[in-house]
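A.B. asks: I'm passing along input-v9.csv; it holds CSV, C-alpha atoms.
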```
chain,number,residue,atom,x,y,z
A,1,MET,CA,-31.4,0.8,10.3
A,2,SER,CA,-28.7,0.8,12.9
A,3,GLY,CA,-25.5,2.9,12.5
A,4,GLN,CA,-23.4,-0.2,12.0
A,5,ALA,CA,-25.8,-1.5,9.3
A,6,ARG,CA,-25.9,1.9,7.6
A,7,HIS,CA,-22.0,2.0,7.6
A,8,ASP,CA,-21.8,-1.6,6.3
A,9,ALA,CA,-24.3,-0.8,3.5
A,10,MET,CA,-22.4,2.3,2.5
A,11,LEU,CA,-19.0,0.5,2.5
A,12,THR,CA,-20.2,-2.4,0.4
A,13,GLU,CA,-21.9,0.0,-2.0
A,14,VAL,CA,-18.7,2.0,-2.5
A,15,PHE,CA,-16.6,-1.2,-2.9
A,16,ASP,CA,-19.1,-2.7,-5.3
A,17,SER,CA,-19.4,0.4,-7.4
A,18,ALA,CA,-15.6,0.6,-7.7
A,19,GLU,CA,-15.6,-3.0,-8.7
A,20,LEU,CA,-13.2,-3.9,-5.9
A,21,THR,CA,-12.5,-7.4,-4.5
A,22,TYR,CA,-13.2,-7.5,-0.8
A,23,GLU,CA,-13.9,-9.8,2.1
A,24,ARG,CA,-16.3,-8.9,5.0
A,25,GLU,CA,-14.5,-10.5,7.9
A,26,ARG,CA,-17.2,-9.4,10.4
A,27,PRO,CA,-19.8,-6.6,10.5
A,28,GLY,CA,-17.9,-3.4,9.9
A,29,ALA,CA,-14.6,-5.0,9.0
A,30,TYR,CA,-13.5,-5.3,5.3
A,31,LEU,CA,-10.3,-6.4,3.7
A,32,VAL,CA,-10.1,-4.7,0.3
A,33,ARG,CA,-7.8,-5.4,-2.6
A,34,LEU,CA,-6.6,-2.3,-4.5
A,35,PRO,CA,-4.9,-3.2,-7.7
A,36,GLY,CA,-1.9,-1.0,-8.6
A,37,GLN,CA,0.8,-0.5,-11.3
A,38,HIS,CA,4.0,-0.4,-9.3
A,39,LYS,CA,2.9,-2.4,-6.3
A,40,LEU,CA,0.7,-5.0,-7.9
A,41,ALA,CA,-1.9,-5.0,-5.1
A,42,THR,CA,-2.4,-3.2,-1.8
A,43,MET,CA,-4.6,-4.9,0.8
A,44,ALA,CA,-6.4,-2.4,3.0
A,45,TRP,CA,-8.5,-2.8,6.1
A,46,PHE,CA,-11.6,-0.6,6.5
A,47,ILE,CA,-12.9,-1.1,10.1
A,48,VAL,CA,-15.8,0.7,11.5
A,49,GLY,CA,-15.3,1.3,15.2
A,50,GLU,CA,-17.5,2.8,17.9
A,51,HIS,CA,-16.4,6.4,17.0
A,52,SER,CA,-14.2,6.2,13.9
A,53,LEU,CA,-13.4,4.5,10.7
A,54,HIS,CA,-9.9,3.0,10.8
A,55,VAL,CA,-8.1,2.4,7.5
A,56,GLU,CA,-4.9,0.4,7.5
A,57,ALA,CA,-2.8,-1.0,4.6
A,58,PHE,CA,0.5,-3.0,4.7
A,59,PHE,CA,3.1,-1.1,2.6
A,60,CYS,CA,6.3,-3.1,2.9
A,61,ARG,CA,8.4,-5.0,5.4
A,62,ARG,CA,11.2,-3.5,7.4
A,63,PRO,CA,14.0,-2.2,5.1
A,64,ASP,CA,17.2,-4.2,4.8
A,65,GLU,CA,19.4,-1.2,4.6
A,66,ASN,CA,19.6,2.6,4.4
A,67,HIS,CA,17.1,2.9,7.3
A,68,ALA,CA,17.4,6.6,7.9
A,69,ALA,CA,16.9,7.6,4.3
A,70,PHE,CA,14.1,5.1,3.9
A,71,TYR,CA,12.1,6.4,6.9
A,72,ARG,CA,12.9,10.0,6.1
A,73,TYR,CA,11.5,9.6,2.6
A,74,LEU,CA,8.2,8.3,4.1
A,75,LEU,CA,8.1,10.9,6.8
A,76,GLU,CA,8.5,13.6,4.2
A,77,LYS,CA,5.6,12.1,2.3
A,78,ASN,CA,3.4,12.2,5.4
A,79,GLY,CA,3.2,16.0,5.3
A,80,ARG,CA,1.5,15.9,1.9
A,81,MET,CA,-1.0,13.1,2.6
A,82,TYR,CA,-4.7,13.4,3.1
A,83,GLY,CA,-6.3,11.6,6.0
A,84,MET,CA,-3.5,9.1,6.6
A,85,ALA,CA,0.2,8.6,7.2
A,86,PHE,CA,3.0,6.1,6.9
A,87,THR,CA,3.7,4.4,10.2
A,88,VAL,CA,5.8,1.4,11.5
A,89,ASP,CA,5.0,-1.5,13.7
A,90,PRO,CA,7.4,-2.6,16.5
A,91,VAL,CA,9.6,-4.6,14.1
A,92,GLY,CA,9.8,-1.8,11.5
A,93,ASP,CA,7.3,-3.0,8.9
A,94,VAL,CA,5.6,-0.1,7.2
A,95,TYR,CA,1.8,0.6,7.0
A,96,ILE,CA,-0.4,3.3,5.8
A,97,VAL,CA,-3.0,4.2,8.4
A,98,GLY,CA,-5.8,6.7,8.9
A,99,ARG,CA,-8.6,7.3,11.3
A,100,LEU,CA,-11.7,9.4,10.5
A,101,PRO,CA,-14.8,10.2,12.5
A,102,LEU,CA,-17.9,8.1,11.6
A,103,SER,CA,-19.6,11.3,10.4
A,104,ALA,CA,-17.0,11.3,7.5
A,105,ILE,CA,-18.2,8.0,6.2
A,106,GLN,CA,-19.9,9.2,3.0
A,107,PRO,CA,-19.6,7.7,-0.5
A,108,ASP,CA,-17.4,10.5,-1.8
A,109,GLU,CA,-15.1,10.5,1.2
A,110,LEU,CA,-14.8,6.7,1.1
A,111,ASP,CA,-13.9,6.9,-2.6
A,112,ARG,CA,-11.3,9.5,-1.8
A,113,LEU,CA,-9.8,7.3,0.9
A,114,LEU,CA,-9.6,4.3,-1.4
A,115,GLY,CA,-7.9,6.5,-4.0
A,116,CYS,CA,-5.5,7.9,-1.4
A,117,VAL,CA,-4.4,4.5,-0.1
A,118,LEU,CA,-3.8,3.3,-3.6
A,119,THR,CA,-2.0,6.4,-4.7
A,120,TYR,CA,0.2,6.6,-1.6
A,121,SER,CA,1.1,2.9,-1.8
A,122,ASP,CA,1.6,2.6,-5.6
A,123,GLU,CA,3.4,5.9,-6.3
A,124,THR,CA,5.7,5.6,-3.4
A,125,PHE,CA,6.6,1.9,-3.7
A,126,ASP,CA,9.4,1.9,-6.2
A,127,ALA,CA,11.4,4.7,-4.6
A,128,ALA,CA,11.0,3.2,-1.2
A,129,LEU,CA,12.1,-0.2,-2.4
A,130,GLU,CA,15.1,1.3,-4.0
A,131,LEU,CA,16.1,3.1,-0.8
A,132,GLY,CA,15.6,0.2,1.5
A,133,PHE,CA,16.3,-2.9,-0.6
A,134,ALA,CA,18.8,-2.0,-3.3
A,135,THR,CA,21.2,-4.8,-2.4
A,136,SER,CA,18.4,-7.4,-2.4
A,137,ILE,CA,17.2,-6.1,-5.8
A,138,ARG,CA,20.7,-6.4,-7.3
A,139,ARG,CA,21.0,-9.9,-5.8
A,140,GLU,CA,17.6,-10.9,-7.2
A,141,TRP,CA,18.5,-9.5,-10.7
A,142,ALA,CA,21.7,-11.4,-10.7
A,143,TRP,CA,20.1,-14.6,-9.6
A,144,ARG,CA,17.3,-14.4,-12.2
A,145,THR,CA,19.8,-13.5,-15.0
A,146,LYS,CA,22.1,-16.4,-14.1
A,147,ARG,CA,19.2,-18.8,-14.3
A,148,GLY,CA,17.6,-17.3,-17.4
A,149,GLU,CA,14.6,-16.2,-15.4
A,150,SER,CA,12.5,-13.2,-16.3
A,151,THR,CA,13.4,-9.8,-14.9
A,152,ALA,CA,10.2,-8.2,-16.2
A,153,ASN,CA,8.8,-7.3,-12.8
A,154,LEU,CA,12.2,-5.7,-11.8
A,155,ARG,CA,12.1,-3.4,-14.8
A,156,ALA,CA,11.6,-0.3,-12.6
A,157,PHE,CA,15.0,-1.1,-11.1
A,158,ALA,CA,17.0,-1.8,-14.3
A,159,HIS,CA,19.4,1.0,-13.4
A,160,LEU,CA,20.5,-1.2,-10.4
A,161,ALA,CA,21.4,-4.2,-12.6
A,162,PRO,CA,24.9,-4.9,-13.7
A,163,GLU,CA,25.4,-3.4,-17.3
A,164,ASP,CA,25.8,-6.8,-18.8
A,165,ALA,CA,22.5,-8.1,-17.2
A,166,ALA,CA,20.3,-5.1,-17.8
A,167,GLU,CA,18.5,-6.5,-20.9
A,168,GLU,CA,14.9,-7.3,-20.1
A,169,LYS,CA,14.0,-10.9,-20.5
```
Could you spell out this file's structure in structure tokens?
C.D. replies:
Amino acid sequence: MSGQARHDAMLTEVFDSAELTYERERPGAYLVRLPGQHKLATMAWFIVGEHSLHVEAFFCRRPDENHAAFYRYLLEKNGRMYGMAFTVDPVGDVYIVGRLPLSAIQPDELDRLLGCVLTYSDETFDAALELGFATSIRREWAWRTKRGESTANLRAFAHLAPEDAAEEK
């Protein structure tokens, strides 16, 4: 079995055993859906290259406001992360990325990486959104309240809602 086939088999075995939904875009390239609690889903690429495994997940778009505090918060998180870090693309959208040597592609390590991507995305999401999108969240809350729409998925941000609109619908 070639190295590529061996890595493909190991990736699919780990994804299947974790009961994850994924698409194999081409040999060695998988888009995996990681279900979360705060961020409902994180989509992560696992791409086997010639010398390394590249992991990349979209975290959120460029913040609307409070850029310095937003990016500082993520940079401070980087120092405590295993195997990956927050990064930005040229327009400021935020990703979680990592690169490991092919020799690290073992079931336990893949499981650890899946857990890391999910944990970093899910546990950081609400605080990052509050830092970078508070005005938009307030606007969304007011819009939904005015129209009688549910604010259930904004519950983590209830403290940002006007006092008269804070009841959960």
A.B. asks: Using all atoms listed in the file, determine which residues lie at most 8 Å from region 24-33 of chain A, disregarding the query and same-chain residues fewer than 5 positions distant; provide the list as a ChimeraX atom specification.
C.D. replies: /A:4-5,7-8,41-49
A.B. asks: Which distance in Å separates CA of His54 (chain A) and CA of Gly132 (chain A), to one decimal?
C.D. replies: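 It comes out at 27.3 Å.
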A.B. asks: With distances taken over all atoms listed in the file, which of A:Leu114, A:Cys60, A:Val55, A:Leu129 is nearest to Asp93 (chain A)?
C.D. replies: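 Of the candidates, the smallest distance to Asp93 (chain A) is held by A:Cys60.
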A.B. asks: Env of His67 (chain A): 9 Å cut, atoms = all atoms listed in the file, seq-sep filter 4 positions within chain, self excluded. Answer as number ranges by chain.
C.D. replies: A: 62-63, 71-72, 131-132
A.B. asks: May I have the selected residues written with C-alpha atoms, as a short mmCIF file (atom, residue, chain, number, x, y, z; two decimals), in the coordinates of the input?
C.D. replies:
```cif
data_model
loop_
_atom_site.label_atom_id
_atom_site.label_comp_id
_atom_site.auth_asym_id
_atom_site.auth_seq_id
_atom_site.Cartn_x
_atom_site.Cartn_y
_atom_site.Cartn_z
CA ARG A 62 11.20 -3.50 7.40
CA PRO A 63 14.00 -2.20 5.10
CA TYR A 71 12.10 6.40 6.90
CA ARG A 72 12.90 10.00 6.10
CA LEU A 131 16.10 3.10 -0.80
CA GLY A 132 15.60 0.20 1.50
#
```
A.B. asks: Using only C-alpha atoms, pick whichever of A:Thr124, A:Pro107, A:Leu102, A:Gln37 has the shortest atom-to-atom distance to Asp16 (chain A).
C.D. replies: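 The answer is A:Pro107, which sits nearest to Asp16 (chain A).
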A.B. asks: Counting only C-alpha atoms, I want the residues whose atoms come within 12 Å of (18.7, -8.9, -4.4) in the file frame, returned as an MDAnalysis selection string.
C.D. replies: chainID A and resid 64:65 129:130 132:145 151 154 157 160:162
A.B. asks: So that I have them on file, write out the residues from the current selection with C-alpha atoms, as an mmCIF file, in the coordinates of the input.
C.D. replies:
```cif
data_model
loop_
_atom_site.group_PDB
_atom_site.id
_atom_site.type_symbol
_atom_site.label_atom_id
_atom_site.label_comp_id
_atom_site.auth_asym_id
_atom_site.auth_seq_id
_atom_site.Cartn_x
_atom_site.Cartn_y
_atom_site.Cartn_z
ATOM 1 C CA ASP A 64 17.200 -4.200 4.800
ATOM 2 C CA GLU A 65 19.400 -1.200 4.600
ATOM 3 C CA LEU A 129 12.100 -0.200 -2.400
ATOM 4 C CA GLU A 130 15.100 1.300 -4.000
ATOM 5 C CA GLY A 132 15.600 0.200 1.500
ATOM 6 C CA PHE A 133 16.300 -2.900 -0.600
ATOM 7 C CA ALA A 134 18.800 -2.000 -3.300
ATOM 8 C CA THR A 135 21.200 -4.800 -2.400
ATOM 9 C CA SER A 136 18.400 -7.400 -2.400
ATOM 10 C CA ILE A 137 17.200 -6.100 -5.800
ATOM 11 C CA ARG A 138 20.700 -6.400 -7.300
ATOM 12 C CA ARG A 139 21.000 -9.900 -5.800
ATOM 13 C CA GLU A 140 17.600 -10.900 -7.200
ATOM 14 C CA TRP A 141 18.500 -9.500 -10.700
ATOM 15 C CA ALA A 142 21.700 -11.400 -10.700
ATOM 16 C CA TRP A 143 20.100 -14.600 -9.600
ATOM 17 C CA ARG A 144 17.300 -14.400 -12.200
ATOM 18 C CA THR A 145 19.800 -13.500 -15.000
ATOM 19 C CA THR A 151 13.400 -9.800 -14.900
ATOM 20 C CA LEU A 154 12.200 -5.700 -11.800
ATOM 21 C CA PHE A 157 15.000 -1.100 -11.100
ATOM 22 C CA LEU A 160 20.500 -1.200 -10.400
ATOM 23 C CA ALA A 161 21.400 -4.200 -12.600
ATOM 24 C CA PRO A 162 24.900 -4.900 -13.700
#
```
A.B. asks: Choose the residue, out of A:Leu100, A:Ala85, A:Met10, A:Leu113, that has the smallest atom-to-atom separation from Ser52 (chain A); count all atoms listed in the file.
C.D. replies: A:Leu100
A.B. asks: Nearest to Asn66 (chain A) among A:Ser17, A:Ala156, A:Ile105, A:Ala128, with distances taken over only C-alpha atoms: which residue is it?
C.D. replies: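 When distances to Asn66 (chain A) are compared using only C-alpha atoms, the smallest one comes from A:Ala128.
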A.B. asks: As a list in words, please: the residues near Phe86 (chain A) (cut-off 9 Å, only C-alpha atoms, same-chain neighbours under 5 positions excluded).
C.D. replies: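 Surrounding residues, per the criterion: Phe59, Leu74, Leu75, Lys77, Asn78, Val94, Tyr95, Ile96, Val97 and Tyr120 of chain A.
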A.B. asks: Have a look at A:Tyr22, A:Gly92, A:Cys116, A:Thr12 and name the one nearest to Ala68 (chain A); count all atoms listed in the file.
C.D. replies: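 So, comparing all the options, the nearest one is A:Gly92.
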A.B. asks: In Å to one decimal, how far is CA of Arg112 (chain A) from CA of Val14 (chain A)?
C.D. replies: 10.6 Å
A.B. asks: Quick one: distance from CA of Arg155 (chain A) to CA of Gly115 (chain A) in Å, one decimal?
C.D. replies: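 These atoms are spaced 24.8 Å apart.
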A.B. asks: Padding of 8 Å on every side, edges along x, y and z, all listed atoms of region 10-20 of chain A included: what centre and edge lengths in Å, to one decimal, does that box have, as JSON?
C.D. replies:
```
{"center_x": -17.8, "center_y": -0.8, "center_z": -3.1, "size_x": 25.2, "size_y": 22.2, "size_z": 27.2}
```
A.B. asks: Check the smallest atom-to-atom distance from each of A:Gly98, A:His159, A:Glu123, A:Asp89 to Lys39 (chain A) using all atoms listed in the file, then report the winner.
C.D. replies: A:Glu123
